[in-house]
Amino acid sequence: MSTLARWCYRHRFVVIIAWAGLLVGLAVMSQSVKTAYDNSLVLPGTGSGKAQQLLQRSAPAEAGDVDQIVWQVSRGSVTDPAIEQRISAMLTEVSHMPSVASVAGPYAEGGRIQVSADKRTAYATVNFTDAADNLDHADISRVIDAATAARQPGLEVELGGKGISAAEETPASDASLIGIVAAAVILLVAFGSLLAMALPIVTAVAGVGSGMMLMTPLGHVMSVNGIAPILGALIGLGVGVDYALFIVTRHRRGLGSGLEPEESAVQALNTSGRAVLFAGGTVCIALLGLLSVNLEFINGLAVPAAMTVVCTVVAAVTLLPALLGVFGIRVLSRKQRRALQAGGAVRTEGDDGLWARWSRIVPRFPAALTVVGLAVMIVVSLPVFSLRLGFADASNDATSTHTYKSYQMLAEGFGPGFNGPLVLVSRVQSPADRAALDKLDQALAGVPGVAAVQTAPARSAEGADPSIAITQVIPTTAPQDEATSTLINHLRDTVVPQYAQGTTLEVHVGGLTATFIDFAAVTSDKLPWLLITVVGFSFLLLVLAFRSLLIPAVTAVLNLLSAAASFGILTAFFQWGWGTDLFGLGAPSPIEGYLPELVLAVLFGLSMDYQVFLVSRMAEEWAISRDNARSVLAGVTHTARVITAAALIMIAVFTAFIFTGHRGIAEFGVGLAAAVALDAFVLRTVLVPAVMYMCGKANWWLPRWLDRSLPHLAIEPTVEEPPARVPGPALV
């Protein structure tokens, strides 16, 4: 690491120009290569997965996104000639717009089903030429403008669907900018220097920018989810700023102790830089561990996020030392430079102040602090026992959006279940199967929770396929309601088997609502294995790093407690609705089914960052003094300020993504922000030092036979601090 750092420092302008060229080249490539995001969610082996596969084989669906234009009259009927003429003209205009494949309205033959019973509400379906995430937002905006232009007093027109929702979302760049500004303020307060503040920001932006631009070609190699860029920016900015912060902090300490700028930078990279490599590698391994879930949807989020983390680590260990070479001693504040010039002591982060005083309080009340810390974590974790996985429908969008208004209009006109119909896909192989299916279709209307039933044959390119039948079931409740989940389970477990018994009839309950319910069930089943993998790997790494059994064991328990607390806050905030009104995030709803794996993977990686940074300093002191109390004091004194500053930056970045308008991203941001806050301000600065103080020398015990068998992994090699610098010429 020291060789790489020294080369980058001495060839700083070459490195900076190379990074600039790389970013420009990636920008050109990402603009020339068309994005190919894939949000399809297929779950092999589940009821919804079998329904999808059956439809794809026998009735291929439209390739593009399907959205709706909804209109409602305050008086009269949507079939009045004046309304029909006005809306028909608008639909004709939309059908000829770029990216629009076709429009199916209620005024065409067979379209009466698209008019509500009271004739006050109607809708048309707009078939686009491509998936929602690959459509040009300008084309979607033209459709929105044309549709809303048809409004008049007494006639409301709104739009809904994935494409419309994507066009209305706040760009990730806006949320990133909010996070960057907040991080800059925190860094300026922590460092007292504009240049020192700018270094982590520039490094993180370069790393995240390169990672996000690489997602475009990655989408042509594997399925990449449409929210991957937002997720990558969220994780990348958080870890990127923190990694650079750790290195810059160590560099400033080296300058303050009298090292020459080059030696200080090399030492910072050889110590904190190694920790950054370790931490970044841990986050990537945790994210790539999600591949064990074996779902393309999860893979399309995990791989791009891990790639972005790799880019931020590369930027931290190459671009950052080059920038340190450009700015030299000026990363210190003017006051610190004057003190250094005069040969006096230079105060750096963590040398004294609040955290030094706190480190002396911990040994006085370790048991009490442990009890209080555990009590806080347990209380915050309690809501997790009410956690329900599922998905949030458009009723949770901002009330000013087209998608929210169209959802409410459809719910009012056709019932709340109309926004999430269930699709029963059947394969009929004999007359007995046909008779059984007819009886099932008749019985469905009488099932509690069913509002309406409609049957139709599936259609393929050759026409109607008599062996495949589709029954659409409209629930009486909204898609995200627990009663809808209960209805799906009742149909699968009781109603369908009752009528299919004794025949070869295949009936699978599918549709978007059923798919998300199956997705939550699949991920829940695989979650324990992911936990075992991540916790076990973290335990092994910490054993290798610190030659201890107790420290990894305590870390594993506290990380699990941190995860429980994170989901407890998520449950209270979103599912119970304690925070949704405050931030305009809609009504209470289940937690997104894909969230647990992603949050756990990132959370364990970030927790390892802080634990490694804290315990590395303790281990460094233990190697010198063999005094556990002194080691704990040194660890807290010299790292707590940096850990809490890094945590505040992550909290600011994660919280900023609440304002993207995407419910899943908002949940991810809140979950990680809460977890990082608890991790930094309760676990790493209260519980870990208190427990380690009480455990004494047992913290550093490892059986000799095991010590001899395990390879040695030095995260931060011990370095000697040079004597104080003597007065010299002015440093600028």
# chains A, B, ... in the order shown; residues from 1 in each chain; ligands from 1

call {"tool": "residues_around", "arguments": {"residues": "Pro475 (chain A)", "least_positions_apart": "2", "cutoff": "6 Å", "atoms": "only C-alpha atoms", "output": "MDAnalysis selection string"}}
result
chainID A and resid 417 449:451 477

call {"tool": "select_by_dssp", "arguments": {"residues": "region 467-573 of chain A", "states": "strand (DSSP E)", "output": "list in words"}}
result
Ser467, Ile468, Ala469, Ile470, Thr471, Gln472, Val473, Ile474, Pro475, Glu506, Val507, His508, Val509 and Gly510 of chain A

call {"tool": "write_last_selection", "arguments": {"atoms": "C-alpha atoms", "output": "mmCIF file, in the first residue's frame"}}
result
data_model
loop_
_atom_site.group_PDB
_atom_site.id
_atom_site.type_symbol
_atom_site.label_atom_id
_atom_site.label_comp_id
_atom_site.auth_asym_id
_atom_site.auth_seq_id
_atom_site.Cartn_x
_atom_site.Cartn_y
_atom_site.Cartn_z
ATOM 1 C CA SER A 467 -55.814 -24.648 -23.226
ATOM 2 C CA ILE A 468 -54.983 -21.479 -21.302
ATOM 3 C CA ALA A 469 -57.607 -19.486 -19.436
ATOM 4 C CA ILE A 470 -57.285 -16.302 -17.424
ATOM 5 C CA THR A 471 -59.581 -15.360 -14.580
ATOM 6 C CA GLN A 472 -59.210 -11.872 -13.182
ATOM 7 C CA VAL A 473 -60.259 -11.503 -9.549
ATOM 8 C CA ILE A 474 -60.801 -8.010 -8.127
ATOM 9 C CA PRO A 475 -60.396 -7.977 -4.313
ATOM 10 C CA GLU A 506 -53.544 -26.404 -13.115
ATOM 11 C CA VAL A 507 -54.492 -23.086 -11.530
ATOM 12 C CA HIS A 508 -51.881 -20.573 -10.377
ATOM 13 C CA VAL A 509 -52.653 -17.314 -8.593
ATOM 14 C CA GLY A 510 -50.537 -14.519 -10.054
#

call {"tool": "residues_around", "arguments": {"residues": "Asp525 (chain A)", "least_positions_apart": "4", "cutoff": "12 Å", "atoms": "only C-alpha atoms", "output": "list in words"}}
result
Val293, Asp518, Phe519, Ala520, Ala521, Trp529, Leu530, Leu531, Gly593, Pro596 and Glu597 of chain A

call {"tool": "write_last_selection", "arguments": {"atoms": "N, CA and C atoms", "output": "PDB file, in the first residue's frame"}}
result
ATOM      1  N   VAL A 293     -29.097 -15.519  -2.471  1.00  0.00           N
ATOM      2  CA  VAL A 293     -30.560 -15.530  -2.472  1.00  0.00           C
ATOM      3  C   VAL A 293     -31.088 -16.055  -3.804  1.00  0.00           C
ATOM      4  N   ASP A 518     -45.319 -13.341  -2.736  1.00  0.00           N
ATOM      5  CA  ASP A 518     -44.403 -14.476  -2.899  1.00  0.00           C
ATOM      6  C   ASP A 518     -42.960 -14.048  -2.709  1.00  0.00           C
ATOM      7  N   PHE A 519     -42.632 -12.861  -3.207  1.00  0.00           N
ATOM      8  CA  PHE A 519     -41.271 -12.355  -3.078  1.00  0.00           C
ATOM      9  C   PHE A 519     -40.897 -12.185  -1.611  1.00  0.00           C
ATOM     10  N   ALA A 520     -41.817 -11.634  -0.825  1.00  0.00           N
ATOM     11  CA  ALA A 520     -41.564 -11.464   0.604  1.00  0.00           C
ATOM     12  C   ALA A 520     -41.375 -12.816   1.285  1.00  0.00           C
ATOM     13  N   ALA A 521     -42.170 -13.809   0.884  1.00  0.00           N
ATOM     14  CA  ALA A 521     -42.052 -15.137   1.480  1.00  0.00           C
ATOM     15  C   ALA A 521     -40.720 -15.793   1.128  1.00  0.00           C
ATOM     16  N   TRP A 529     -30.219 -17.873   6.287  1.00  0.00           N
ATOM     17  CA  TRP A 529     -28.969 -18.343   5.687  1.00  0.00           C
ATOM     18  C   TRP A 529     -28.044 -17.180   5.353  1.00  0.00           C
ATOM     19  N   LEU A 530     -28.637 -16.078   4.913  1.00  0.00           N
ATOM     20  CA  LEU A 530     -27.821 -14.889   4.653  1.00  0.00           C
ATOM     21  C   LEU A 530     -27.203 -14.371   5.939  1.00  0.00           C
ATOM     22  N   LEU A 531     -27.986 -14.365   7.018  1.00  0.00           N
ATOM     23  CA  LEU A 531     -27.472 -13.905   8.308  1.00  0.00           C
ATOM     24  C   LEU A 531     -26.310 -14.781   8.770  1.00  0.00           C
ATOM     25  N   GLY A 593     -40.503  -5.956   0.331  1.00  0.00           N
ATOM     26  CA  GLY A 593     -40.005  -7.312   0.538  1.00  0.00           C
ATOM     27  C   GLY A 593     -38.527  -7.495   0.282  1.00  0.00           C
ATOM     28  N   PRO A 596     -35.028  -6.278   3.602  1.00  0.00           N
ATOM     29  CA  PRO A 596     -34.222  -6.895   4.663  1.00  0.00           C
ATOM     30  C   PRO A 596     -32.833  -7.333   4.212  1.00  0.00           C
ATOM     31  N   GLU A 597     -32.754  -8.039   3.068  1.00  0.00           N
ATOM     32  CA  GLU A 597     -31.442  -8.512   2.623  1.00  0.00           C
ATOM     33  C   GLU A 597     -30.496  -7.354   2.323  1.00  0.00           C
TER      34      GLU A 597
END

call {"tool": "residues_around", "arguments": {"residues": "Thr403 (chain A)", "least_positions_apart": "4", "cutoff": "8 Å", "atoms": "only C-alpha atoms", "output": "MDAnalysis selection string"}}
result
chainID A and resid 158:161 164:165 394 397 407

call {"tool": "select_by_dssp", "arguments": {"residues": "region 304-454 of chain A", "states": "helix (DSSP H, G or I)", "output": "count of residues only"}}
result
102

call {"tool": "residues_around", "arguments": {"residues": "Asp609 (chain A)", "least_positions_apart": "4", "cutoff": "7 Å", "atoms": "only C-alpha atoms", "output": "ChimeraX atom specification"}}
result
/A:279,605,613

call {"tool": "write_last_selection", "arguments": {"atoms": "C-alpha atoms", "output": "tab-separated table (two decimals), in the first residue's frame"}}
result
chain	number	residue	atom	x	y	z
A	279	ALA	CA	-13.88	-2.14	5.18
A	605	GLY	CA	-20.48	-3.89	6.15
A	613	PHE	CA	-11.55	1.65	13.02

call {"tool": "closest_residue", "arguments": {"among": "A:Thr308, A:Thr494, A:Thr660, A:Gln72", "to": "Ala206 (chain A)", "atoms": "only C-alpha atoms"}}
result
A:Thr308

call {"tool": "residues_around", "arguments": {"residues": "Arg427 (chain A)", "least_positions_apart": "3", "cutoff": "12 Å", "atoms": "only C-alpha atoms", "output": "MDAnalysis selection string"}}
result
chainID A and resid 50:51 53:55 57:58 424 430:434 436:437 457:458 465:471 500 503:508

call {"tool": "closest_residue", "arguments": {"among": "A:Ala315, A:Leu354, A:Val248, A:Leu549", "to": "Ala196 (chain A)", "atoms": "only C-alpha atoms"}}
result
A:Val248

call {"tool": "residues_around", "arguments": {"residues": "Val185 (chain A)", "least_positions_apart": "4", "cutoff": "10 Å", "atoms": "only C-alpha atoms", "output": "VMD selection string"}}
result
chain A and resid 180 to 181 189 to 190 194 197 649

call {"tool": "closest_residue", "arguments": {"among": "A:Gln267, A:Gln85, A:Thr318, A:Ser48", "to": "Arg12 (chain A)", "atoms": "only C-alpha atoms"}}
result
A:Thr318

call {"tool": "closest_residue", "arguments": {"among": "A:Ala680, A:Ala275, A:Met608, A:Val379", "to": "Ala645 (chain A)", "atoms": "only C-alpha atoms"}}
result
A:Ala680
